[in-house]
Structure formats: C-alpha cells, structure tokens
$ cat work_19.csv   # CSV, C-alpha atoms
chain,number,residue,atom,x,y,z
P,1,MET,CA,22.1,-5.5,17.9
P,2,LYS,CA,19.3,-3.4,16.5
P,3,ASN,CA,18.6,0.2,17.3
P,4,PRO,CA,16.3,0.2,20.3
P,5,TYR,CA,14.9,3.7,19.4
P,6,ASN,CA,13.8,2.3,16.0
P,7,ILE,CA,12.2,-0.7,17.6
P,8,LEU,CA,10.2,1.2,20.1
P,9,GLU,CA,9.8,4.3,17.9
P,10,VAL,CA,10.8,6.7,20.6
P,11,PRO,CA,13.1,9.8,20.5
P,12,GLN,CA,16.4,9.8,22.4
P,13,ASP,CA,14.9,12.1,25.1
P,14,ALA,CA,12.0,9.8,25.9
P,15,SER,CA,11.1,9.3,29.5
P,16,ASN,CA,10.7,5.9,31.2
P,17,PRO,CA,6.8,6.1,31.0
P,18,GLN,CA,7.1,6.9,27.3
P,19,ILE,CA,9.4,3.9,26.8
P,20,LEU,CA,6.9,1.6,28.6
P,21,LYS,CA,4.0,2.9,26.6
P,22,ALA,CA,6.0,2.5,23.4
P,23,MET,CA,6.8,-1.1,24.4
P,24,THR,CA,3.1,-2.0,24.7
P,25,MET,CA,2.4,-0.3,21.3
P,26,ALA,CA,5.3,-2.2,19.7
P,27,MET,CA,4.0,-5.5,21.0
P,28,ARG,CA,0.5,-4.7,19.6
P,29,LYS,CA,2.0,-3.8,16.1
P,30,ARG,CA,4.0,-7.1,16.1
P,31,GLN,CA,6.7,-5.7,13.7
P,32,PHE,CA,9.5,-7.2,15.9
P,33,PRO,CA,9.6,-10.3,18.1
P,34,ASN,CA,8.7,-9.8,21.8
P,35,THR,CA,12.2,-10.7,22.8
P,36,GLU,CA,13.7,-7.8,20.8
P,37,ILE,CA,11.1,-5.4,22.2
P,38,ALA,CA,11.9,-6.5,25.7
P,39,GLN,CA,15.7,-6.1,25.1
P,40,ALA,CA,15.1,-2.6,23.6
P,41,ARG,CA,13.1,-1.6,26.7
P,42,ASN,CA,15.7,-3.0,29.1
P,43,GLN,CA,18.5,-1.2,27.2
P,44,LEU,CA,16.7,2.1,27.4
P,45,ILE,CA,15.5,1.8,31.0
P,46,LYS,CA,19.1,1.4,32.4
P,47,PRO,CA,21.1,4.6,32.3
P,48,ALA,CA,24.4,3.0,31.5
P,49,SER,CA,23.1,0.9,28.6
P,50,ARG,CA,21.0,3.8,27.4
P,51,LEU,CA,24.2,6.0,27.2
P,52,ALA,CA,25.8,3.2,25.2
P,53,ALA,CA,22.8,3.1,22.9
P,54,ASP,CA,23.0,6.9,22.4
P,55,PHE,CA,26.7,6.6,21.5
P,56,THR,CA,26.2,3.5,19.2
P,57,PHE,CA,23.1,4.8,17.4
P,58,PRO,CA,23.4,8.6,17.1
P,59,ILE,CA,20.5,10.3,15.3
P,60,PHE,CA,21.7,12.6,12.6
P,61,ASP,CA,19.8,14.7,10.0
P,62,PRO,CA,20.1,13.2,6.5
P,63,PHE,CA,23.1,14.4,4.5
P,64,ASP,CA,21.5,14.3,1.1
P,65,ASP,CA,22.7,17.7,-0.1
P,66,LEU,CA,26.2,17.4,1.5
P,67,VAL,CA,28.9,18.4,-1.0
P,68,PRO,CA,32.3,16.7,-0.5
P,69,LEU,CA,35.3,18.9,0.3
P,70,GLN,CA,37.9,19.4,-2.3
P,71,ALA,CA,41.4,20.7,-1.7
P,72,LYS,CA,42.2,24.0,-3.2
P,73,VAL,CA,46.0,23.8,-2.8
P,74,ASN,CA,47.8,22.0,-5.6
P,75,SER,CA,50.7,20.1,-4.0
P,76,GLU,CA,52.6,20.2,-7.2
P,77,THR,CA,53.0,24.0,-7.0
P,78,ILE,CA,54.9,23.9,-3.7
P,79,ASP,CA,58.6,23.6,-3.9
P,80,ILE,CA,60.1,22.3,-0.7
P,81,ASN,CA,63.5,23.9,-1.5
P,82,SER,CA,62.0,27.4,-1.7
P,83,ILE,CA,60.6,27.3,1.9
P,84,ASP,CA,62.4,29.7,4.2
P,85,GLU,CA,63.1,27.9,7.5
P,86,ASN,CA,63.8,31.1,9.4
P,87,LYS,CA,60.8,33.1,8.3
P,88,TYR,CA,58.8,32.6,11.5
P,89,ASN,CA,61.7,32.0,13.8
P,90,SER,CA,61.1,34.2,16.9
P,91,LEU,CA,64.2,33.2,18.9
$ encode --input "work_19.csv" --output "structure tokens"
Amino acid sequence: MKNPYNILEVPQDASNPQILKAMTMAMRKRQFPNTEIAQARNQLIKPASRLAADFTFPIFDPFDDLVPLQAKVNSETIDINSIDENKYNSL
C-alpha cells in the first residue's frame, strides 16, 4: 500500500475538494496508474480509512541532525550490595 498523500501530493489537512482537484492533477501527470490514484482518493475521502492512513503514514520532519542518546551511568560502578533497602522506606 502506497502513501495516498504522496500519490495525490496533498497535505494531511486537505479538504475533499482539494483531494478531488489533486486527483485530476495526478491523472494528468500520469506518474501513477489511474487505479492507484483512485484508491488514494477513496482512502482519503472516507473518514475511517483516512484516519488509518494518517496513522500508517505519519508526516515527520527529517531527522538529519538527530544525535543518538548515550547513557551517562556506567553500570559497572554500581554495586548492588551497597544499596540501602531502607533508605526511602516511609512506613
């Protein structure tokens, strides 16, 4: 299943008239088969299937400059025998 938003080149908040206009433009461009364009339109016109498309194909900003997290706690420095079990006992 392809992303219907990419096929029709519409944003996720597009209205039904915008979707219909995008469908005609996509058919003129002929980048995708007419059946895929029709399926994309049908998927975005129906509220339940549109919600499924929003969940399946979320739009995120690119994460090019995302730095992976690194742990700052060294597990070798923690001695389990030195933990005081009653330190935070409030009973």
$ closest_residue --input "work_19.csv" --among "P:Leu66, P:Ala48, P:Pro58, P:Glu9" --to "Lys21 of chain P" --atoms "only C-alpha atoms"
P:Glu9
$ closest_residue --input "work_19.csv" --among "P:Leu20, P:Ile7, P:Ala14, P:Ala53" --to "Thr35 of chain P" --atoms "all atoms listed in the file"
P:Ile7
$ atom_distance --input "work_19.csv" --atom1 "atom CA of Gln12 of chain P" --atom2 "atom CA of Ala52 of chain P"
11.8 Å
$ closest_residue --input "work_19.csv" --among "P:Met27, P:Gln18, P:Asn89, P:Leu44" --to "Pro4 of chain P" --atoms "all atoms listed in the file"
P:Leu44
$ residues_around --input "work_19.csv" --residues "Leu8 of chain P" --least-positions-apart "6" --cutoff "10 Å" --atoms "only C-alpha atoms" --output "PDB file with C-alpha atoms, in the frame of the given file"
ATOM      1  CA  GLN P  18       7.100   6.900  27.300  1.00  0.00           C
ATOM      2  CA  ILE P  19       9.400   3.900  26.800  1.00  0.00           C
ATOM      3  CA  LEU P  20       6.900   1.600  28.600  1.00  0.00           C
ATOM      4  CA  LYS P  21       4.000   2.900  26.600  1.00  0.00           C
ATOM      5  CA  ALA P  22       6.000   2.500  23.400  1.00  0.00           C
ATOM      6  CA  MET P  23       6.800  -1.100  24.400  1.00  0.00           C
ATOM      7  CA  THR P  24       3.100  -2.000  24.700  1.00  0.00           C
ATOM      8  CA  MET P  25       2.400  -0.300  21.300  1.00  0.00           C
ATOM      9  CA  ALA P  26       5.300  -2.200  19.700  1.00  0.00           C
ATOM     10  CA  MET P  27       4.000  -5.500  21.000  1.00  0.00           C
ATOM     11  CA  PHE P  32       9.500  -7.200  15.900  1.00  0.00           C
ATOM     12  CA  GLU P  36      13.700  -7.800  20.800  1.00  0.00           C
ATOM     13  CA  ILE P  37      11.100  -5.400  22.200  1.00  0.00           C
ATOM     14  CA  ALA P  38      11.900  -6.500  25.700  1.00  0.00           C
ATOM     15  CA  ALA P  40      15.100  -2.600  23.600  1.00  0.00           C
ATOM     16  CA  ARG P  41      13.100  -1.600  26.700  1.00  0.00           C
ATOM     17  CA  LEU P  44      16.700   2.100  27.400  1.00  0.00           C
TER      18      LEU P  44
END
$ closest_residue --input "work_19.csv" --among "P:Ser82, P:Asp13, P:Pro68, P:Met1" --to "Asp54 of chain P" --atoms "all atoms listed in the file"
P:Asp13
$ closest_residue --input "work_19.csv" --among "P:Lys2, P:Asn81, P:Gln31, P:Pro11" --to "Ile59 of chain P" --atoms "all atoms listed in the file"
P:Pro11
$ atom_distance --input "work_19.csv" --atom1 "atom CA of Pro47 of chain P" --atom2 "atom CA of Pro62 of chain P"
27.2 Å
$ atom_distance --input "work_19.csv" --atom1 "atom CA of Ser15 of chain P" --atom2 "atom CA of Asn3 of chain P"
17.0 Å
$ build_atoms --input "work_19.csv" --residues "segment 16-40 of chain P" --atoms "N, CA, C and O atoms" --output "mmCIF file, in the coordinates of the input"
data_model
loop_
_atom_site.group_PDB
_atom_site.id
_atom_site.type_symbol
_atom_site.label_atom_id
_atom_site.label_comp_id
_atom_site.auth_asym_id
_atom_site.auth_seq_id
_atom_site.Cartn_x
_atom_site.Cartn_y
_atom_site.Cartn_z
ATOM 1 N N ASN P 16 10.957 7.317 30.932
ATOM 2 C CA ASN P 16 10.700 5.900 31.200
ATOM 3 C C ASN P 16 9.172 5.579 30.969
ATOM 4 O O ASN P 16 8.881 4.525 30.386
ATOM 5 N N PRO P 17 8.208 6.420 31.376
ATOM 6 C CA PRO P 17 6.800 6.100 31.000
ATOM 7 C C PRO P 17 6.551 6.067 29.538
ATOM 8 O O PRO P 17 5.783 5.223 29.060
ATOM 9 N N GLN P 18 7.215 6.945 28.785
ATOM 10 C CA GLN P 18 7.100 6.900 27.300
ATOM 11 C C GLN P 18 7.630 5.632 26.743
ATOM 12 O O GLN P 18 7.077 5.067 25.797
ATOM 13 N N ILE P 19 8.735 5.158 27.307
ATOM 14 C CA ILE P 19 9.400 3.900 26.800
ATOM 15 C C ILE P 19 8.442 2.731 27.112
ATOM 16 O O ILE P 19 8.252 1.856 26.257
ATOM 17 N N LEU P 20 7.844 2.690 28.295
ATOM 18 C CA LEU P 20 6.900 1.600 28.600
ATOM 19 C C LEU P 20 5.691 1.615 27.740
ATOM 20 O O LEU P 20 5.217 0.563 27.296
ATOM 21 N N LYS P 21 5.154 2.788 27.474
ATOM 22 C CA LYS P 21 4.000 2.900 26.600
ATOM 23 C C LYS P 21 4.365 2.477 25.177
ATOM 24 O O LYS P 21 3.599 1.780 24.504
ATOM 25 N N ALA P 22 5.550 2.873 24.723
ATOM 26 C CA ALA P 22 6.000 2.500 23.400
ATOM 27 C C ALA P 22 6.224 0.984 23.290
ATOM 28 O O ALA P 22 5.998 0.392 22.231
ATOM 29 N N MET P 23 6.641 0.371 24.400
ATOM 30 C CA MET P 23 6.800 -1.100 24.400
ATOM 31 C C MET P 23 5.491 -1.787 24.170
ATOM 32 O O MET P 23 5.401 -2.731 23.374
ATOM 33 N N THR P 24 4.433 -1.344 24.854
ATOM 34 C CA THR P 24 3.100 -2.000 24.700
ATOM 35 C C THR P 24 2.615 -1.750 23.239
ATOM 36 O O THR P 24 2.026 -2.658 22.640
ATOM 37 N N MET P 25 2.856 -0.565 22.700
ATOM 38 C CA MET P 25 2.400 -0.300 21.300
ATOM 39 C C MET P 25 3.196 -1.151 20.327
ATOM 40 O O MET P 25 2.627 -1.643 19.353
ATOM 41 N N ALA P 26 4.492 -1.336 20.567
ATOM 42 C CA ALA P 26 5.300 -2.200 19.700
ATOM 43 C C ALA P 26 4.857 -3.621 19.726
ATOM 44 O O ALA P 26 4.871 -4.317 18.706
ATOM 45 N N MET P 27 4.449 -4.082 20.909
ATOM 46 C CA MET P 27 4.000 -5.500 21.000
ATOM 47 C C MET P 27 2.636 -5.634 20.282
ATOM 48 O O MET P 27 2.370 -6.691 19.715
ATOM 49 N N ARG P 28 1.817 -4.606 20.281
ATOM 50 C CA ARG P 28 0.500 -4.700 19.600
ATOM 51 C C ARG P 28 0.765 -4.674 18.042
ATOM 52 O O ARG P 28 0.027 -5.338 17.306
ATOM 53 N N LYS P 29 1.760 -3.910 17.584
ATOM 54 C CA LYS P 29 2.000 -3.800 16.100
ATOM 55 C C LYS P 29 2.636 -5.135 15.611
ATOM 56 O O LYS P 29 2.482 -5.459 14.437
ATOM 57 N N ARG P 30 3.395 -5.833 16.446
ATOM 58 C CA ARG P 30 4.000 -7.100 16.100
ATOM 59 C C ARG P 30 4.982 -7.001 14.899
ATOM 60 O O ARG P 30 5.089 -7.913 14.092
ATOM 61 N N GLN P 31 5.685 -5.881 14.806
ATOM 62 C CA GLN P 31 6.700 -5.700 13.700
ATOM 63 C C GLN P 31 7.990 -6.440 14.133
ATOM 64 O O GLN P 31 8.742 -6.866 13.264
ATOM 65 N N PHE P 32 8.251 -6.520 15.436
ATOM 66 C CA PHE P 32 9.500 -7.200 15.900
ATOM 67 C C PHE P 32 9.061 -8.252 16.930
ATOM 68 O O PHE P 32 8.000 -8.173 17.555
ATOM 69 N N PRO P 33 9.921 -9.264 17.094
ATOM 70 C CA PRO P 33 9.600 -10.300 18.100
ATOM 71 C C PRO P 33 9.596 -9.673 19.511
ATOM 72 O O PRO P 33 10.257 -8.670 19.787
ATOM 73 N N ASN P 34 8.823 -10.283 20.381
ATOM 74 C CA ASN P 34 8.700 -9.800 21.800
ATOM 75 C C ASN P 34 10.024 -9.731 22.487
ATOM 76 O O ASN P 34 10.236 -8.855 23.331
ATOM 77 N N THR P 35 10.919 -10.660 22.172
ATOM 78 C CA THR P 35 12.200 -10.700 22.800
ATOM 79 C C THR P 35 13.034 -9.413 22.461
ATOM 80 O O THR P 35 13.692 -8.822 23.315
ATOM 81 N N GLU P 36 12.973 -9.008 21.183
ATOM 82 C CA GLU P 36 13.700 -7.800 20.800
ATOM 83 C C GLU P 36 13.085 -6.551 21.383
ATOM 84 O O GLU P 36 13.800 -5.623 21.755
ATOM 85 N N ILE P 37 11.776 -6.539 21.525
ATOM 86 C CA ILE P 37 11.100 -5.400 22.200
ATOM 87 C C ILE P 37 11.502 -5.302 23.621
ATOM 88 O O ILE P 37 11.808 -4.225 24.142
ATOM 89 N N ALA P 38 11.540 -6.436 24.298
ATOM 90 C CA ALA P 38 11.900 -6.500 25.700
ATOM 91 C C ALA P 38 13.386 -6.046 25.888
ATOM 92 O O ALA P 38 13.731 -5.305 26.816
ATOM 93 N N GLN P 39 14.256 -6.503 24.992
ATOM 94 C CA GLN P 39 15.700 -6.100 25.100
ATOM 95 C C GLN P 39 15.830 -4.619 24.822
ATOM 96 O O GLN P 39 16.629 -3.958 25.490
ATOM 97 N N ALA P 40 15.061 -4.073 23.899
ATOM 98 C CA ALA P 40 15.100 -2.600 23.600
ATOM 99 C C ALA P 40 14.677 -1.844 24.845
ATOM 100 O O ALA P 40 15.292 -0.848 25.217
#
